[in-house]
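A.B. asks: Dropping the structure in here first, questions after.
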Amino acid sequence: MNKQIGIWLLLPVMAMMVSCKGNTYSKLLKKENKLIDNYLSRMEIQVVNKDPEVAQGECWPEKVYVHMPGLEHCYFHLSSPVDTTKDVILSGHIVNVRYRKYGLGDYPDTIQVWTTDDGGIPPSFTVGDMADPNACAAWHAAVLKMKYSGAECKIICPSTAGFDEDNSSVTPYGYDLRVTKRK
């Protein structure tokens, strides 16, 4: 009987010892930040704190990304010229999005792509509605920076600004987005 009690008393201690050797959430976030930093370095991306100044209708410099305010380790690059004759996108508008999602590791794989082959209507979400499960915080912020229907961007998205499944797995991704304002 005493052996059984002793075993039951040792189990919690052994569980604590095993859990201490594992990765804590803060350790996983540090690994994620290092992965993002390595990606920026490997891709020779320059991070700036304000949008590059370019003439109307011109692209941003190719390897220049801006840090997204309020989103730690989240970076944005406007990859197509802004056409100010297109519909302006504001918070509350519904947008359709085409995207490519890819890993940031040494050999990044495309994880997911939405094309017209996937269905007739692309995924949509209401800009600024953070409860909308079809978009993450980084997408909302990016669309507001893109400003116009038809704009395209690239995002480096940490798990904390990503979708719920990315956040729970502490996995960062890159996205190429193209948005169209729904009429």
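By convention here, the chains of the structure tokens are called A, B, ... in the order presented, each chain's residues are numbered starting at 1, and ligands are numbered starting at 1 in the order presented.
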Output as a VMD selection string all residues of segment 78-151 of chain A that backbone DSSP marks as alpha helix (DSSP H).
C.D. replies: chain A and resid 137 to 146
A.B. asks: Could you give me the residues within segment 14-134 of chain A that DSSP places in strand (DSSP E or B), as a PDB file with N, CA and C atoms, in the first residue's frame?
C.D. replies:
```pdb
ATOM      1  N   GLN A  46      14.932  44.831 -46.154  1.00  0.00           N
ATOM      2  CA  GLN A  46      15.198  46.003 -45.317  1.00  0.00           C
ATOM      3  C   GLN A  46      13.883  46.398 -44.647  1.00  0.00           C
ATOM      4  N   VAL A  47      13.895  46.512 -43.327  1.00  0.00           N
ATOM      5  CA  VAL A  47      12.701  46.905 -42.578  1.00  0.00           C
ATOM      6  C   VAL A  47      12.809  48.381 -42.216  1.00  0.00           C
ATOM      7  N   VAL A  48      11.740  49.127 -42.519  1.00  0.00           N
ATOM      8  CA  VAL A  48      11.685  50.551 -42.200  1.00  0.00           C
ATOM      9  C   VAL A  48      10.455  50.796 -41.325  1.00  0.00           C
ATOM     10  N   VAL A  64      11.943  46.329 -49.630  1.00  0.00           N
ATOM     11  CA  VAL A  64      11.658  47.215 -48.503  1.00  0.00           C
ATOM     12  C   VAL A  64      10.289  46.887 -47.928  1.00  0.00           C
ATOM     13  N   TYR A  65      10.280  46.544 -46.638  1.00  0.00           N
ATOM     14  CA  TYR A  65       9.055  46.234 -45.910  1.00  0.00           C
ATOM     15  C   TYR A  65       8.933  47.226 -44.768  1.00  0.00           C
ATOM     16  N   VAL A  66       7.713  47.565 -44.409  1.00  0.00           N
ATOM     17  CA  VAL A  66       7.485  48.464 -43.288  1.00  0.00           C
ATOM     18  C   VAL A  66       6.957  47.653 -42.106  1.00  0.00           C
ATOM     19  N   HIS A  67       7.447  48.019 -40.909  1.00  0.00           N
ATOM     20  CA  HIS A  67       6.959  47.385 -39.687  1.00  0.00           C
ATOM     21  C   HIS A  67       5.526  47.846 -39.478  1.00  0.00           C
ATOM     22  N   TYR A  75       5.444  42.491 -40.823  1.00  0.00           N
ATOM     23  CA  TYR A  75       5.991  43.406 -41.825  1.00  0.00           C
ATOM     24  C   TYR A  75       5.158  43.379 -43.100  1.00  0.00           C
ATOM     25  N   PHE A  76       5.089  44.532 -43.776  1.00  0.00           N
ATOM     26  CA  PHE A  76       4.206  44.747 -44.919  1.00  0.00           C
ATOM     27  C   PHE A  76       5.005  45.328 -46.083  1.00  0.00           C
ATOM     28  N   HIS A  77       4.697  44.850 -47.281  1.00  0.00           N
ATOM     29  CA  HIS A  77       5.298  45.382 -48.510  1.00  0.00           C
ATOM     30  C   HIS A  77       4.199  45.548 -49.555  1.00  0.00           C
ATOM     31  N   LEU A  78       4.015  46.762 -50.062  1.00  0.00           N
ATOM     32  CA  LEU A  78       3.046  47.004 -51.131  1.00  0.00           C
ATOM     33  C   LEU A  78       3.710  46.592 -52.434  1.00  0.00           C
ATOM     34  N   VAL A  88     -11.911  52.865 -52.933  1.00  0.00           N
ATOM     35  CA  VAL A  88     -11.189  52.970 -51.671  1.00  0.00           C
ATOM     36  C   VAL A  88     -11.756  51.919 -50.716  1.00  0.00           C
ATOM     37  N   ILE A  94     -16.528  45.044 -47.144  1.00  0.00           N
ATOM     38  CA  ILE A  94     -16.276  43.620 -47.367  1.00  0.00           C
ATOM     39  C   ILE A  94     -15.343  43.496 -48.557  1.00  0.00           C
ATOM     40  N   VAL A  95     -14.290  42.691 -48.391  1.00  0.00           N
ATOM     41  CA  VAL A  95     -13.325  42.477 -49.471  1.00  0.00           C
ATOM     42  C   VAL A  95     -13.202  40.987 -49.775  1.00  0.00           C
ATOM     43  N   ASN A  96     -12.936  40.683 -51.025  1.00  0.00           N
ATOM     44  CA  ASN A  96     -12.558  39.332 -51.443  1.00  0.00           C
ATOM     45  C   ASN A  96     -11.049  39.305 -51.462  1.00  0.00           C
ATOM     46  N   VAL A  97     -10.471  38.169 -51.105  1.00  0.00           N
ATOM     47  CA  VAL A  97      -9.018  38.079 -51.046  1.00  0.00           C
ATOM     48  C   VAL A  97      -8.528  36.827 -51.771  1.00  0.00           C
ATOM     49  N   ARG A  98      -7.520  37.029 -52.588  1.00  0.00           N
ATOM     50  CA  ARG A  98      -6.780  35.909 -53.173  1.00  0.00           C
ATOM     51  C   ARG A  98      -5.424  35.929 -52.481  1.00  0.00           C
ATOM     52  N   TYR A  99      -4.913  34.758 -52.167  1.00  0.00           N
ATOM     53  CA  TYR A  99      -3.683  34.740 -51.389  1.00  0.00           C
ATOM     54  C   TYR A  99      -2.848  33.496 -51.671  1.00  0.00           C
ATOM     55  N   ARG A 100      -1.596  33.622 -51.263  1.00  0.00           N
ATOM     56  CA  ARG A 100      -0.655  32.499 -51.224  1.00  0.00           C
ATOM     57  C   ARG A 100      -0.027  32.544 -49.842  1.00  0.00           C
ATOM     58  N   LYS A 101      -0.049  31.418 -49.148  1.00  0.00           N
ATOM     59  CA  LYS A 101       0.515  31.307 -47.795  1.00  0.00           C
ATOM     60  C   LYS A 101       1.733  30.401 -47.883  1.00  0.00           C
ATOM     61  N   TYR A 102       2.853  30.829 -47.290  1.00  0.00           N
ATOM     62  CA  TYR A 102       4.078  30.031 -47.373  1.00  0.00           C
ATOM     63  C   TYR A 102       4.862  30.100 -46.068  1.00  0.00           C
ATOM     64  N   THR A 110       4.966  26.428 -50.211  1.00  0.00           N
ATOM     65  CA  THR A 110       3.658  27.058 -50.285  1.00  0.00           C
ATOM     66  C   THR A 110       2.706  26.149 -49.533  1.00  0.00           C
ATOM     67  N   ILE A 111       2.044  26.698 -48.559  1.00  0.00           N
ATOM     68  CA  ILE A 111       1.172  25.929 -47.685  1.00  0.00           C
ATOM     69  C   ILE A 111      -0.249  25.888 -48.252  1.00  0.00           C
ATOM     70  N   GLN A 112      -0.695  27.030 -48.738  1.00  0.00           N
ATOM     71  CA  GLN A 112      -2.073  27.136 -49.179  1.00  0.00           C
ATOM     72  C   GLN A 112      -2.172  28.250 -50.214  1.00  0.00           C
ATOM     73  N   VAL A 113      -3.001  28.037 -51.222  1.00  0.00           N
ATOM     74  CA  VAL A 113      -3.222  29.033 -52.270  1.00  0.00           C
ATOM     75  C   VAL A 113      -4.702  29.065 -52.573  1.00  0.00           C
ATOM     76  N   SER A 124     -13.915  35.945 -48.333  1.00  0.00           N
ATOM     77  CA  SER A 124     -14.150  37.363 -48.077  1.00  0.00           C
ATOM     78  C   SER A 124     -14.208  37.602 -46.577  1.00  0.00           C
ATOM     79  N   PHE A 125     -14.002  38.868 -46.207  1.00  0.00           N
ATOM     80  CA  PHE A 125     -14.119  39.248 -44.808  1.00  0.00           C
ATOM     81  C   PHE A 125     -14.447  40.727 -44.710  1.00  0.00           C
ATOM     82  N   THR A 126     -14.950  41.107 -43.553  1.00  0.00           N
ATOM     83  CA  THR A 126     -15.268  42.504 -43.284  1.00  0.00           C
ATOM     84  C   THR A 126     -14.048  43.151 -42.643  1.00  0.00           C
TER      85      THR A 126
END
```
A.B. asks: Quick one: residues within 8 Å of segment 153-158 of chain A, only C-alpha atoms, excluding same-chain residues fewer than 4 positions away - as a PyMOL selection string?
C.D. replies: chain A and resi 32-33+36+72-80+138+142+146+162+170-178
A.B. asks: What does the file look like for those residues with N, CA, C and O atoms, as a tab-separated table (two decimals), in the first residue's frame?
C.D. replies:
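The resulting out.tsv:
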```
chain	number	residue	atom	x	y	z
A	32	GLU	N	10.37	31.62	-32.85
A	32	GLU	CA	9.62	32.19	-33.97
A	32	GLU	C	10.24	33.52	-34.42
A	32	GLU	O	10.43	33.75	-35.61
A	33	ASN	N	10.56	34.39	-33.47
A	33	ASN	CA	11.17	35.68	-33.80
A	33	ASN	C	12.51	35.49	-34.49
A	33	ASN	O	12.85	36.21	-35.43
A	36	ILE	N	11.83	34.50	-38.07
A	36	ILE	CA	11.46	35.68	-38.87
A	36	ILE	C	12.69	36.51	-39.17
A	36	ILE	O	12.90	36.93	-40.32
A	72	GLU	N	3.84	43.21	-33.39
A	72	GLU	CA	5.25	42.86	-33.21
A	72	GLU	C	5.71	41.84	-34.25
A	72	GLU	O	5.03	40.85	-34.48
A	73	HIS	N	6.84	42.08	-34.87
A	73	HIS	CA	7.44	41.20	-35.88
A	73	HIS	C	6.53	40.95	-37.09
A	73	HIS	O	6.56	39.89	-37.69
A	74	CYS	N	5.69	41.92	-37.42
A	74	CYS	CA	4.80	41.82	-38.58
A	74	CYS	C	5.21	42.90	-39.58
A	74	CYS	O	5.35	44.06	-39.20
A	75	TYR	N	5.44	42.49	-40.82
A	75	TYR	CA	5.99	43.41	-41.83
A	75	TYR	C	5.16	43.38	-43.10
A	75	TYR	O	4.62	42.34	-43.49
A	76	PHE	N	5.09	44.53	-43.78
A	76	PHE	CA	4.21	44.75	-44.92
A	76	PHE	C	5.01	45.33	-46.08
A	76	PHE	O	5.85	46.20	-45.90
A	77	HIS	N	4.70	44.85	-47.28
A	77	HIS	CA	5.30	45.38	-48.51
A	77	HIS	C	4.20	45.55	-49.55
A	77	HIS	O	3.51	44.58	-49.88
A	78	LEU	N	4.02	46.76	-50.06
A	78	LEU	CA	3.05	47.00	-51.13
A	78	LEU	C	3.71	46.59	-52.43
A	78	LEU	O	4.69	47.20	-52.86
A	79	SER	N	3.19	45.55	-53.07
A	79	SER	CA	3.89	44.97	-54.22
A	79	SER	C	3.30	45.35	-55.58
A	79	SER	O	3.85	44.98	-56.60
A	80	SER	N	2.19	46.08	-55.59
A	80	SER	CA	1.67	46.57	-56.86
A	80	SER	C	1.43	48.06	-56.75
A	80	SER	O	1.15	48.56	-55.66
A	138	ALA	N	-3.21	40.54	-39.06
A	138	ALA	CA	-2.27	41.04	-40.07
A	138	ALA	C	-2.99	41.37	-41.38
A	138	ALA	O	-2.67	42.35	-42.04
A	142	ALA	N	-3.14	45.00	-43.09
A	142	ALA	CA	-2.59	45.10	-44.45
A	142	ALA	C	-3.59	45.71	-45.41
A	142	ALA	O	-3.25	46.58	-46.22
A	146	MET	N	-3.24	48.91	-47.78
A	146	MET	CA	-3.33	48.81	-49.23
A	146	MET	C	-4.25	49.89	-49.79
A	146	MET	O	-4.01	50.41	-50.88
A	162	GLY	N	-1.52	36.16	-36.64
A	162	GLY	CA	-2.06	35.23	-37.63
A	162	GLY	C	-3.38	34.61	-37.21
A	162	GLY	O	-4.03	35.06	-36.26
A	170	VAL	N	2.31	28.41	-32.81
A	170	VAL	CA	3.40	29.39	-32.78
A	170	VAL	C	4.21	29.28	-34.08
A	170	VAL	O	5.42	29.07	-34.07
A	171	THR	N	3.51	29.43	-35.20
A	171	THR	CA	4.14	29.31	-36.52
A	171	THR	C	3.92	30.58	-37.33
A	171	THR	O	2.78	30.98	-37.56
A	172	PRO	N	5.01	31.23	-37.78
A	172	PRO	CA	4.86	32.41	-38.63
A	172	PRO	C	4.73	32.00	-40.09
A	172	PRO	O	5.20	30.94	-40.49
A	173	TYR	N	4.09	32.86	-40.88
A	173	TYR	CA	3.95	32.60	-42.32
A	173	TYR	C	4.13	33.88	-43.11
A	173	TYR	O	4.01	34.98	-42.57
A	174	GLY	N	4.39	33.70	-44.38
A	174	GLY	CA	4.37	34.80	-45.32
A	174	GLY	C	3.10	34.69	-46.13
A	174	GLY	O	2.59	33.58	-46.36
A	175	TYR	N	2.57	35.82	-46.54
A	175	TYR	CA	1.37	35.86	-47.38
A	175	TYR	C	1.59	36.82	-48.53
A	175	TYR	O	2.18	37.88	-48.35
A	176	ASP	N	1.10	36.45	-49.69
A	176	ASP	CA	0.94	37.37	-50.81
A	176	ASP	C	-0.57	37.54	-50.94
A	176	ASP	O	-1.29	36.56	-51.11
A	177	LEU	N	-1.04	38.79	-50.83
A	177	LEU	CA	-2.47	39.07	-50.86
A	177	LEU	C	-2.84	39.95	-52.03
A	177	LEU	O	-2.07	40.84	-52.39
A	178	ARG	N	-4.02	39.75	-52.56
A	178	ARG	CA	-4.63	40.66	-53.53
A	178	ARG	C	-6.07	40.82	-53.10
A	178	ARG	O	-6.79	39.83	-52.92
```
A.B. asks: Nearest to Tyr39 of chain A among A:Cys136, A:Ala141, A:Gly105, A:Ser91, with distances taken over only C-alpha atoms: which residue is it?
C.D. replies: A:Gly105
A.B. asks: List as a list of chain:residue names the protein and nucleic acid residues near Phe163 of chain A, meaning an atom at most 8 Å away when only C-alpha atoms are counted, but skip any in the same chain fewer than 4 places from it.
C.D. replies: A:Pro133, A:Ala135, A:Cys136, A:Ala137, A:Ser159, A:Asn167
A.B. asks: Tell me, in Å to one decimal, how far atom CA of Pro123 of chain A is from atom CA of Gly70 of chain A.
C.D. replies: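 If I compute the distance from atom CA of Pro123 of chain A to atom CA of Gly70 of chain A, I get 25.3 Å.
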A.B. asks: Select, from A:Glu152, A:Asp106, A:Asp87, A:Glu62, the residue with the minimum atom-to-atom distance to Arg42 of chain A, counting only C-alpha atoms.
C.D. replies: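 Checking each candidate against Arg42 of chain A, we get A:Asp106 as the closest.
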A.B. asks: Measure the distance from atom CA of Ile89 of chain A to atom CA of Lys147 of chain A in Å and round it to one decimal.
C.D. replies: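 Result for atom CA of Ile89 of chain A versus atom CA of Lys147 of chain A: 5.1 Å, one decimal.
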A.B. asks: For atom CA of Glu58 of chain A and atom CA of Asp83 of chain A, quote the distance in Å rounded to one decimal.
C.D. replies: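 Computed distance, atom CA of Glu58 of chain A to atom CA of Asp83 of chain A, equals 9.4 Å.
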A.B. asks: Out of A:Ala161, A:Ile45, A:Thr24, A:Ala55, which residue has the shortest atom-to-atom distance to Met130 of chain A when counting only C-alpha atoms?
C.D. replies: A:Ala161
